[in-house]
file input18.txt (compact mmCIF, C-alpha atoms)
# COMPACT_ATOMS: atom_id res chain seq x y z
CA MET A 3 79.80 80.38 86.53
CA SER A 4 78.71 79.48 83.04
CA GLU A 5 77.28 82.01 80.62
CA ARG A 6 73.79 80.55 80.96
CA GLY A 7 74.09 80.62 84.72
CA ARG A 8 75.09 84.27 84.68
CA LEU A 9 72.20 85.07 82.36
CA ALA A 10 69.80 83.20 84.64
CA VAL A 11 70.93 85.36 87.56
CA TYR A 12 71.06 88.56 85.57
CA LEU A 13 67.74 88.47 83.72
CA PRO A 14 65.35 88.19 86.71
CA ALA A 15 67.33 90.87 88.55
CA ALA A 16 67.30 93.19 85.54
CA LEU A 17 63.59 92.66 84.97
CA ALA A 18 62.80 93.30 88.63
CA LEU A 19 64.90 96.47 88.63
CA ALA A 20 63.28 97.65 85.41
CA ALA A 21 59.80 97.05 86.83
CA LEU A 22 60.64 98.93 90.02
CA LEU A 23 62.14 101.82 88.06
CA VAL A 24 59.08 102.09 85.81
CA LEU A 25 56.81 102.07 88.89
CA ALA A 26 58.94 104.75 90.54
CA PHE A 27 59.07 106.94 87.43
CA LEU A 28 55.32 106.73 86.97
CA ARG A 29 54.76 108.15 90.44
CA MET A 30 57.41 110.83 90.20
CA PRO A 31 56.24 114.43 90.66
CA GLY A 32 56.18 116.40 87.40
CA PHE A 33 59.24 118.30 86.21
CA GLY A 34 59.46 121.77 87.75
CA GLY A 35 56.56 121.11 90.14
CA THR A 36 56.01 123.02 93.37
CA VAL A 37 55.83 120.06 95.75
CA HIS A 38 59.24 119.28 97.30
CA LEU A 39 59.01 117.17 100.42
CA TYR A 40 62.73 117.31 101.19
CA ARG A 41 62.88 121.07 100.69
CA ASP A 42 60.05 121.61 103.15
CA LEU A 43 62.11 119.80 105.79
CA ALA A 44 65.62 120.94 104.83
CA VAL A 45 65.02 124.68 104.50
CA PRO A 46 63.52 125.20 107.98
CA ALA A 47 66.29 123.04 109.47
CA ALA A 48 68.91 125.20 107.71
CA VAL A 49 67.25 128.40 108.91
CA ARG A 50 67.14 127.07 112.48
CA HIS A 51 70.92 126.66 112.28
CA VAL A 52 71.39 130.11 110.71
CA THR A 53 72.88 128.72 107.49
CA ALA A 54 72.17 130.95 104.49
CA ASN A 55 73.23 128.37 101.89
CA VAL A 56 70.81 125.52 102.44
CA VAL A 57 72.90 123.15 100.30
CA SER A 58 75.81 123.61 102.72
CA ALA A 59 73.47 123.06 105.64
CA VAL A 60 72.43 119.73 104.12
CA ASN A 61 76.02 118.72 103.32
CA PHE A 62 77.79 119.77 106.49
CA ASP A 63 75.08 119.87 109.13
CA GLN A 64 72.05 117.70 108.44
CA ARG A 65 73.95 115.05 106.49
CA ALA A 66 77.49 115.68 107.73
CA LEU A 67 78.01 111.94 108.18
CA ASP A 68 77.46 111.42 104.43
CA THR A 69 80.04 114.07 103.70
CA LEU A 70 82.50 112.28 105.98
CA GLY A 71 81.88 109.18 103.88
CA GLU A 72 82.46 111.07 100.64
CA GLU A 73 85.60 112.59 102.01
CA SER A 74 86.89 109.16 102.99
CA ILE A 75 86.18 107.94 99.46
CA LEU A 76 88.31 110.76 98.07
CA LEU A 77 91.08 110.01 100.56
CA GLY A 78 90.92 106.33 99.69
CA SER A 79 91.05 106.92 95.94
CA VAL A 80 94.03 109.27 96.26
CA VAL A 81 95.86 106.70 98.37
CA GLY A 82 94.94 104.00 95.87
CA ALA A 83 96.16 106.03 92.89
CA ALA A 84 99.37 106.86 94.74
CA ALA A 85 99.98 103.20 95.43
CA LEU A 86 99.32 102.23 91.82
CA LEU A 87 101.47 105.02 90.38
CA ARG A 88 104.48 104.58 92.67
CA PRO A 89 107.68 104.17 90.65
CA ALA A 90 108.48 100.55 89.93
CA GLN A 91 111.98 99.24 90.53
CA ARG A 92 112.92 99.21 86.87
CA GLU A 93 111.99 102.87 86.60
CA SER A 94 114.17 105.76 87.62
CA GLU A 95 113.58 109.46 87.86
CA ARG A 96 114.21 111.67 84.92
CA ARG A 97 114.06 115.36 85.58
CA PRO A 98 112.73 117.56 82.84
CA ARG A 99 115.80 119.61 82.07
CA ARG A 100 114.99 122.82 80.35
CA THR A 101 111.73 124.56 79.77
CA GLY A 102 110.75 124.97 76.17
CA ARG A 103 108.61 127.67 74.66
CA THR A 104 105.22 128.69 75.90
CA LEU A 105 102.97 130.92 73.86
CA GLU A 106 103.31 134.44 75.23
CA SER A 107 99.55 134.87 75.40
CA THR A 108 99.24 131.61 77.35
CA GLY A 109 101.94 132.74 79.75
CA LEU A 110 100.44 136.17 80.28
CA LEU A 111 96.93 134.84 80.76
CA GLY A 112 98.16 132.12 83.11
CA TYR A 113 100.13 134.46 85.34
CA LEU A 114 97.24 136.96 85.41
CA LEU A 115 94.68 134.29 86.24
CA LEU A 116 96.79 132.41 88.80
CA PRO A 117 96.29 134.86 91.72
CA VAL A 118 92.70 135.55 90.67
CA THR A 119 91.88 131.83 90.61
CA LEU A 120 93.50 131.24 93.99
CA ILE A 121 91.56 134.15 95.54
CA VAL A 122 88.33 132.85 94.00
CA GLY A 123 89.12 129.41 95.42
CA PHE A 124 89.67 130.75 98.95
CA ASP A 125 86.52 132.87 98.60
CA VAL A 126 84.42 129.89 97.52
CA VAL A 127 85.67 127.89 100.53
CA ALA A 128 85.31 130.72 103.04
CA HIS A 129 81.78 131.71 102.01
CA GLY A 130 80.48 128.20 101.43
CA HIS A 131 77.88 128.55 104.18
CA LEU A 132 76.58 131.84 102.71
CA THR A 133 76.75 131.58 98.93
CA PRO A 134 76.94 128.69 96.43
CA GLY A 135 80.15 126.79 96.80
CA GLY A 136 81.96 125.27 99.73
CA GLY A 137 84.96 123.20 100.64
CA PHE A 138 84.68 120.73 97.82
CA GLN A 139 84.15 123.23 95.03
CA GLY A 140 86.69 125.71 96.37
CA GLY A 141 89.21 122.95 96.95
CA VAL A 142 88.97 121.83 93.34
CA VAL A 143 89.32 125.45 92.16
CA LEU A 144 92.45 125.86 94.31
CA ALA A 145 93.97 122.59 93.13
CA THR A 146 93.41 123.28 89.44
CA GLY A 147 94.37 126.94 89.87
CA ILE A 148 97.83 126.01 91.10
CA HIS A 149 98.36 124.09 87.87
CA LEU A 150 98.01 127.31 85.86
CA LEU A 151 101.64 127.76 86.82
CA TYR A 152 102.43 124.65 84.81
CA LEU A 153 100.52 125.93 81.80
CA ALA A 154 101.96 129.44 81.97
CA GLY A 155 105.43 128.65 83.26
CA SER A 156 107.07 125.30 83.59
CA TYR A 157 106.93 122.11 85.59
CA ARG A 158 109.93 123.36 87.59
CA ALA A 159 107.98 126.43 88.66
CA LEU A 160 105.05 124.25 89.65
CA GLU A 161 107.32 122.00 91.70
CA ARG A 162 108.65 124.97 93.65
CA LEU A 163 105.14 126.16 94.50
CA ARG A 164 104.01 122.67 95.41
CA PRO A 165 106.04 120.89 98.09
CA VAL A 166 104.32 117.51 97.92
CA GLU A 167 105.03 116.60 101.55
CA VAL A 168 103.04 119.63 102.72
CA PHE A 169 100.08 118.64 100.57
CA ASP A 170 100.34 115.01 101.68
CA ALA A 171 100.12 116.16 105.28
CA GLY A 172 97.35 118.64 104.47
CA GLU A 173 95.20 115.96 102.96
CA ALA A 174 95.52 113.66 105.95
CA LEU A 175 95.02 116.56 108.35
CA GLY A 176 91.87 117.78 106.59
CA ALA A 177 90.32 114.32 106.61
CA GLY A 178 91.39 113.57 110.17
CA MET A 179 90.26 116.86 111.67
CA PHE A 180 86.77 116.37 110.17
CA THR A 181 86.39 113.27 112.33
CA VAL A 182 88.03 114.98 115.30
CA LEU A 183 85.56 117.86 115.10
CA GLY A 184 82.73 115.34 115.08
CA LEU A 185 84.19 113.66 118.16
CA ILE A 186 84.58 117.02 119.91
CA GLY A 187 80.84 117.37 119.45
CA VAL A 188 80.38 114.05 121.21
CA LEU A 189 82.60 115.22 124.07
CA ALA A 190 80.62 118.48 124.23
CA GLY A 191 77.56 116.40 125.00
CA THR A 192 75.85 116.25 121.59
CA ALA A 193 75.84 113.63 118.85
CA PHE A 194 78.66 112.85 116.41
CA LEU A 195 79.05 115.71 113.88
CA GLN A 196 76.14 117.62 115.37
CA ASN A 197 76.33 121.38 115.01
CA PHE A 198 77.45 122.44 118.50
CA LEU A 199 79.20 125.80 117.92
CA PRO A 200 77.43 129.14 118.46
CA MET A 201 75.26 129.93 115.42
CA GLY A 202 75.89 133.67 115.08
CA SER A 203 73.67 135.97 113.08
CA PHE A 204 72.14 135.12 109.73
CA GLY A 205 74.31 135.88 106.72
CA SER A 206 77.47 136.94 108.57
CA LEU A 207 80.85 135.30 107.98
CA PHE A 208 80.85 133.78 111.46
CA SER A 209 77.53 132.00 111.45
CA ALA A 210 76.13 128.51 110.97
CA GLY A 211 78.25 126.99 113.76
CA THR A 212 80.39 124.10 112.57
CA VAL A 213 79.45 124.46 108.88
CA PRO A 214 82.22 126.94 107.89
CA VAL A 215 84.77 124.99 109.95
CA LEU A 216 83.90 121.71 108.25
CA ASN A 217 83.87 123.57 104.94
CA ALA A 218 87.41 124.79 105.50
CA LEU A 219 88.59 121.31 106.51
CA VAL A 220 87.04 119.75 103.42
CA GLY A 221 88.57 122.56 101.36
CA VAL A 222 92.03 121.70 102.70
CA GLU A 223 91.48 117.99 102.14
CA VAL A 224 90.11 118.30 98.62
CA ALA A 225 92.68 120.86 97.47
CA CYS A 226 95.58 118.83 98.88
CA GLY A 227 94.10 115.54 97.70
CA ALA A 228 93.62 116.75 94.14
CA VAL A 229 97.11 118.26 94.05
CA VAL A 230 98.67 115.03 95.36
CA LEU A 231 96.68 112.99 92.85
CA LEU A 232 97.75 115.18 89.93
CA THR A 233 101.33 115.19 91.21
CA HIS A 234 101.45 111.42 90.98
CA PHE A 235 100.11 111.56 87.42
CA PHE A 236 102.65 114.25 86.51
CA THR A 237 105.53 112.40 88.11
CA GLU A 238 104.57 109.26 86.30
CA ASP A 239 104.32 111.15 83.04
CA LEU A 240 107.23 113.56 83.17
CA THR A 241 110.01 112.29 85.33
CA VAL A 242 109.87 108.53 85.44
CA SER A 243 111.31 106.50 82.63
CA VAL A 244 112.08 102.89 82.09
CA ALA A 245 115.71 102.20 82.87
CA GLY A 246 117.73 101.75 79.70
CA ARG A 247 116.14 104.53 77.75
CA GLU A 248 116.58 107.45 80.11
CA ASP A 249 119.12 110.30 79.96
CA GLY A 250 117.39 112.54 77.48
CA GLY A 251 119.35 113.58 74.45
CA ASP A 252 118.12 114.33 70.96
CA ARG A 253 116.85 110.81 70.51
CA ASP A 254 114.70 111.14 73.57
CA ARG A 255 113.41 114.50 72.47
CA GLY A 256 112.30 113.06 69.21
CA ASP A 257 110.69 110.33 71.21
CA ARG A 258 108.70 112.70 73.30
CA ASP A 259 107.79 115.52 70.98
CA GLY A 260 105.05 113.52 69.32
CA ASN A 261 102.57 115.34 71.48
CA ASP A 262 103.14 119.00 70.76
CA ARG A 263 101.08 120.52 73.51
CA ASP A 264 103.65 119.49 76.08
CA GLY A 265 106.44 121.49 74.55
CA ASN A 266 106.63 123.80 77.54
CA ASP A 267 107.51 121.23 80.14
CA GLN A 268 109.89 118.81 78.61
CA GLY A 269 111.73 120.09 75.60
CA GLY A 270 114.54 118.06 77.14
CA GLU A 271 117.77 118.95 75.39
CA GLU A 272 121.10 117.55 76.47
CA GLU A 273 123.16 120.13 78.23
CA MET B 3 62.96 129.31 81.41
CA THR B 4 61.65 126.02 80.02
CA VAL B 5 63.17 126.91 76.65
CA ILE B 6 66.60 127.50 78.19
CA ILE B 7 66.42 124.19 80.07
CA ALA B 8 65.41 122.44 76.86
CA VAL B 9 68.34 124.00 75.00
CA ALA B 10 70.78 123.02 77.77
CA LEU B 11 69.43 119.46 77.86
CA THR B 12 69.73 119.16 74.09
CA LEU B 13 73.29 120.46 74.28
CA VAL B 14 74.16 117.85 76.93
CA ALA B 15 72.63 115.08 74.84
CA ALA B 16 74.39 116.24 71.67
CA ILE B 17 77.87 116.65 73.20
CA GLY B 18 77.40 113.42 75.14
CA ALA B 19 76.78 111.64 71.86
CA VAL B 20 79.90 113.28 70.41
CA VAL B 21 81.96 112.04 73.40
CA VAL B 22 80.76 108.49 72.82
CA GLY B 23 81.31 108.78 69.08
CA THR B 24 84.87 110.10 69.39
CA HIS B 25 87.32 107.26 68.88
CA SER B 26 90.72 108.68 69.71
CA PRO B 27 91.07 108.97 73.52
CA GLU B 28 93.09 112.21 73.25
CA ARG B 29 90.29 113.96 71.41
CA GLN B 30 87.81 112.33 73.74
CA ALA B 31 89.44 114.05 76.73
CA VAL B 32 88.93 117.44 75.09
CA VAL B 33 85.32 116.70 74.12
CA LEU B 34 84.76 115.37 77.63
CA SER B 35 85.82 118.77 78.95
CA MET B 36 83.24 120.41 76.68
CA PHE B 37 80.65 117.94 77.90
CA GLY B 38 81.51 119.03 81.45
CA MET B 39 80.87 122.65 80.47
CA ALA B 40 77.50 121.71 78.93
CA LEU B 41 76.51 119.92 82.14
CA THR B 42 77.57 123.02 84.09
CA VAL B 43 75.22 125.14 81.98
CA LEU B 44 72.41 122.64 82.54
CA PHE B 45 72.93 122.68 86.33
CA VAL B 46 72.89 126.48 86.36
CA THR B 47 69.63 126.57 84.40
CA VAL B 48 67.95 124.18 86.84
CA GLN B 49 69.13 126.43 89.71
CA ALA B 50 71.78 124.18 91.22
CA PRO B 51 74.81 126.51 91.39
CA ASP B 52 76.61 124.36 93.98
CA VAL B 53 76.52 121.30 91.78
CA ALA B 54 77.42 123.44 88.76
CA LEU B 55 80.57 124.65 90.54
CA SER B 56 81.65 121.09 91.38
CA GLN B 57 80.91 119.98 87.85
CA LEU B 58 82.92 122.85 86.39
CA GLY B 59 85.96 122.04 88.51
CA VAL B 60 85.87 118.26 88.32
CA GLY B 61 84.19 117.51 85.02
CA ALA B 62 85.62 120.28 82.89
CA ALA B 63 89.14 120.57 84.30
CA LEU B 64 90.32 117.84 86.68
CA VAL B 65 89.10 114.67 84.98
CA PRO B 66 90.14 115.65 81.41
CA LEU B 67 93.58 116.64 82.73
CA MET B 68 93.99 113.28 84.45
CA VAL B 69 92.82 111.45 81.33
CA MET B 70 95.29 113.43 79.22
CA LEU B 71 98.21 112.65 81.54
CA ALA B 72 97.30 108.96 81.68
CA ILE B 73 97.02 108.72 77.89
CA ARG B 74 100.37 110.46 77.36
CA ARG B 75 102.06 108.04 79.72
CA ILE B 76 100.58 105.06 77.92
CA ARG B 77 101.48 106.49 74.50
CA ARG B 78 105.08 106.96 75.60
CA ASP B 79 105.29 103.31 76.56
CA GLN B 80 103.73 102.31 73.26
CA ARG B 81 106.25 104.38 71.29
CA GLY B 82 109.01 102.83 73.39
CA GLU B 83 107.71 99.36 72.61
CA ALA B 84 107.56 100.14 68.90
CA ARG B 85 111.08 101.50 68.56
CA ARG B 86 112.77 100.11 71.66
CA PRO B 87 115.82 102.39 71.57
CA GLY B 88 118.61 100.77 73.53
CA LYS B 89 121.76 102.08 75.14
CA ASP B 90 123.80 101.25 72.05
CA GLU B 91 122.12 104.07 70.22
CA GLU B 92 124.14 106.66 72.15
call {"tool": "encode", "arguments": {"input": "input18.txt", "output": "structure tokens"}}
result
Amino acid sequence: MSERGRLAVYLPAALALAALLVLAFLRMPGFGGTVHLYRDLAVPAAVRHVTANVVSAVNFDQRALDTLGEESILLGSVVGAAALLRPAQRESERRPRRTGRTLESTGLLGYLLLPVTLIVGFDVVAHGHLTPGGGFQGGVVLATGIHLLYLAGSYRALERLRPVEVFDAGEALGAGMFTVLGLIGVLAGTAFLQNFLPMGSFGSLFSAGTVPVLNALVGVEVACGAVVLLTHFFTEDLTVSVAGREDGGDRDRGDRDGNDRDGNDQGGEEE
Amino acid sequence: MTVIIAVALTLVAAIGAVVVGTHSPERQAVVLSMFGMALTVLFVTVQAPDVALSQLGVGAALVPLMVMLAIRRIRRDQRGEARRPGKDEE
């Protein structure tokens, strides 16, 4: 299509969208107002299903199908990134040989925060139906928390804590079980992803029916997905090199030390 | 409360402008992380702690880390192109 043709298609569409947006903004309720139509519907629905955190009730109960869509998007993007970042044929693996120096304060802080962060992550996932948080947030906390080991220790240490196959399987399992749980609801005689488990009592750990279960599944999927995604980036960055300029050595170290914040993972000296 | 929201909004706008104005992608990743923190503060002030948590994890940690790793990989290739050290250098 010619430039004028594109402009002829674009301009009316842009003008129409702008007009609609202006109309919509003019009729928007004022900032910080007290009228919230969606709240008036969502809060009673959450209370009916004994879910203390209304946001979780919206995400995993009232609009669980949307969350399934989001989860599939995450799964799809991880698979896409993995496909794009797979080692090409001319590339071969280069293991980072020896760990260089890490600042002692960084190491200490990292090792202190690693267990704390992991516990916080599990807590955020487990109490997602009661307090702010949930599977997505907790999963991201868990995934980034694991990488404190890389900051504080070395890439080797991270690799030992992170068997990629397990996380690969975890991601698929989390995404798959979400759908399975929805289908179990269908078999139990309700609709797809409807909240069919016993609701329990308000504010207790075992309440809100399927919400904590779906939360945990999303937590597994997001944590594993993020770890797998970062693993592919790390592998691409640290251990894959173009054939012909691999096998480390002083030359290679000079080549790689341009970026000094990575001294702890790849001060690759020839042994 | 309105004052705090106004301050948080201004902070978001200011750091957002800094992100756009930063030219080097490496620095941009770091500023982007700060922008994520500013957004987190904004979400907390407008009483959306769930969104703030997601923003903190994704916007302030995960995305800048991925950007950093991607940039380093590209830079390594660029340095390789520039010097092209061959096997004969051994």
call {"tool": "interface_residues", "arguments": {"input": "input18.txt", "of": "chain B", "to": "chain A", "cutoff": "7 Å", "atoms": "only C-alpha atoms", "output": "list in words"}}
result
Pro51, Asp52, Leu55, Ser56, Gly59, Val60, Leu64, Met68, Leu71, Ala72, Arg74, Arg75, Pro87, Gly88 and Lys89 of chain B
call {"tool": "closest_residue", "arguments": {"input": "input18.txt", "among": "B:Ile76, B:Val48, B:Ala54, B:Met70", "to": "Gln30 (chain B)", "atoms": "all atoms listed in the file"}}
result
B:Met70
call {"tool": "residues_around", "arguments": {"input": "input18.txt", "residues": "region 159-173 of chain A", "least_positions_apart": "6", "cutoff": "8 Å", "atoms": "only C-alpha atoms", "output": "JSON, numbers by chain"}}
result
{"A": [77, 148, 149, 151, 152, 222, 223, 224, 225, 226, 227, 229, 230, 233]}
call {"tool": "atom_distance", "arguments": {"input": "input18.txt", "atom1": "CA of Val220 (chain A)", "atom2": "CA of Phe180 (chain A)"}}
result
7.6 Å
call {"tool": "atom_distance", "arguments": {"input": "input18.txt", "atom1": "CA of Ala154 (chain A)", "atom2": "CA of Ala63 (chain B)"}}
result
15.8 Å
call {"tool": "residues_around", "arguments": {"input": "input18.txt", "residues": "Glu106 (chain A)", "least_positions_apart": "2", "cutoff": "12 Å", "atoms": "only C-alpha atoms", "output": "PyMOL selection string"}}
result
chain A and resi 103-104+108-113+153-155+266
call {"tool": "decode", "arguments": {"input": "input18.txt", "residues": "region 8-31 of chain B", "atoms": "N, CA and C atoms", "output": "mmCIF file, in the first residue's frame"}}
result
data_model
loop_
_atom_site.group_PDB
_atom_site.id
_atom_site.type_symbol
_atom_site.label_atom_id
_atom_site.label_comp_id
_atom_site.auth_asym_id
_atom_site.auth_seq_id
_atom_site.Cartn_x
_atom_site.Cartn_y
_atom_site.Cartn_z
ATOM 1 N N ALA B 8 -0.531 13.393 44.097
ATOM 2 C CA ALA B 8 0.045 14.364 43.159
ATOM 3 C C ALA B 8 1.560 14.210 43.092
ATOM 4 N N VAL B 9 2.194 14.037 44.263
ATOM 5 C CA VAL B 9 3.646 13.853 44.285
ATOM 6 C C VAL B 9 4.031 12.587 43.523
ATOM 7 N N ALA B 10 3.301 11.479 43.776
ATOM 8 C CA ALA B 10 3.622 10.215 43.103
ATOM 9 C C ALA B 10 3.444 10.347 41.599
ATOM 10 N N LEU B 11 2.379 11.005 41.178
ATOM 11 C CA LEU B 11 2.129 11.192 39.749
ATOM 12 C C LEU B 11 3.248 12.002 39.107
ATOM 13 N N THR B 12 3.647 13.088 39.813
ATOM 14 C CA THR B 12 4.726 13.924 39.283
ATOM 15 C C THR B 12 6.012 13.120 39.150
ATOM 16 N N LEU B 13 6.275 12.284 40.158
ATOM 17 C CA LEU B 13 7.474 11.441 40.144
ATOM 18 C C LEU B 13 7.455 10.514 38.924
ATOM 19 N N VAL B 14 6.283 9.881 38.684
ATOM 20 C CA VAL B 14 6.148 8.985 37.538
ATOM 21 C C VAL B 14 6.415 9.748 36.243
ATOM 22 N N ALA B 15 5.808 10.925 36.132
ATOM 23 C CA ALA B 15 5.992 11.713 34.909
ATOM 24 C C ALA B 15 7.457 12.099 34.735
ATOM 25 N N ALA B 16 8.098 12.528 35.831
ATOM 26 C CA ALA B 16 9.485 12.978 35.740
ATOM 27 C C ALA B 16 10.405 11.828 35.346
ATOM 28 N N ILE B 17 10.296 10.688 36.070
ATOM 29 C CA ILE B 17 11.206 9.568 35.770
ATOM 30 C C ILE B 17 10.887 8.985 34.404
ATOM 31 N N GLY B 18 9.591 8.999 34.020
ATOM 32 C CA GLY B 18 9.236 8.542 32.684
ATOM 33 C C GLY B 18 9.929 9.367 31.620
ATOM 34 N N ALA B 19 9.962 10.677 31.837
ATOM 35 C CA ALA B 19 10.651 11.554 30.885
ATOM 36 C C ALA B 19 12.147 11.238 30.852
ATOM 37 N N VAL B 20 12.716 10.935 32.044
ATOM 38 C CA VAL B 20 14.146 10.598 32.087
ATOM 39 C C VAL B 20 14.408 9.313 31.302
ATOM 40 N N VAL B 21 13.493 8.318 31.442
ATOM 41 C CA VAL B 21 13.670 7.054 30.701
ATOM 42 C C VAL B 21 13.710 7.332 29.204
ATOM 43 N N VAL B 22 12.758 8.153 28.734
ATOM 44 C CA VAL B 22 12.708 8.453 27.305
ATOM 45 C C VAL B 22 13.947 9.231 26.879
ATOM 46 N N GLY B 23 14.412 10.126 27.769
ATOM 47 C CA GLY B 23 15.547 10.967 27.406
ATOM 48 C C GLY B 23 16.897 10.286 27.511
ATOM 49 N N THR B 24 16.935 9.100 28.150
ATOM 50 C CA THR B 24 18.212 8.397 28.288
ATOM 51 C C THR B 24 18.553 7.699 26.978
ATOM 52 N N HIS B 25 19.751 7.927 26.468
ATOM 53 C CA HIS B 25 20.078 7.386 25.154
ATOM 54 C C HIS B 25 20.689 5.998 25.220
ATOM 55 N N SER B 26 21.651 5.803 26.119
ATOM 56 C CA SER B 26 22.306 4.500 26.175
ATOM 57 C C SER B 26 21.358 3.454 26.767
ATOM 58 N N PRO B 27 21.133 2.336 26.063
ATOM 59 C CA PRO B 27 20.176 1.337 26.543
ATOM 60 C C PRO B 27 20.552 0.749 27.906
ATOM 61 N N GLU B 28 21.874 0.637 28.205
ATOM 62 C CA GLU B 28 22.264 0.088 29.503
ATOM 63 C C GLU B 28 21.748 0.960 30.629
ATOM 64 N N ARG B 29 21.985 2.269 30.491
ATOM 65 C CA ARG B 29 21.502 3.186 31.518
ATOM 66 C C ARG B 29 19.979 3.187 31.550
ATOM 67 N N GLN B 30 19.399 3.041 30.365
ATOM 68 C CA GLN B 30 17.943 3.057 30.286
ATOM 69 C C GLN B 30 17.332 1.918 31.111
ATOM 70 N N ALA B 31 17.991 0.759 31.110
ATOM 71 C CA ALA B 31 17.481 -0.372 31.888
ATOM 72 C C ALA B 31 17.443 -0.023 33.368
#
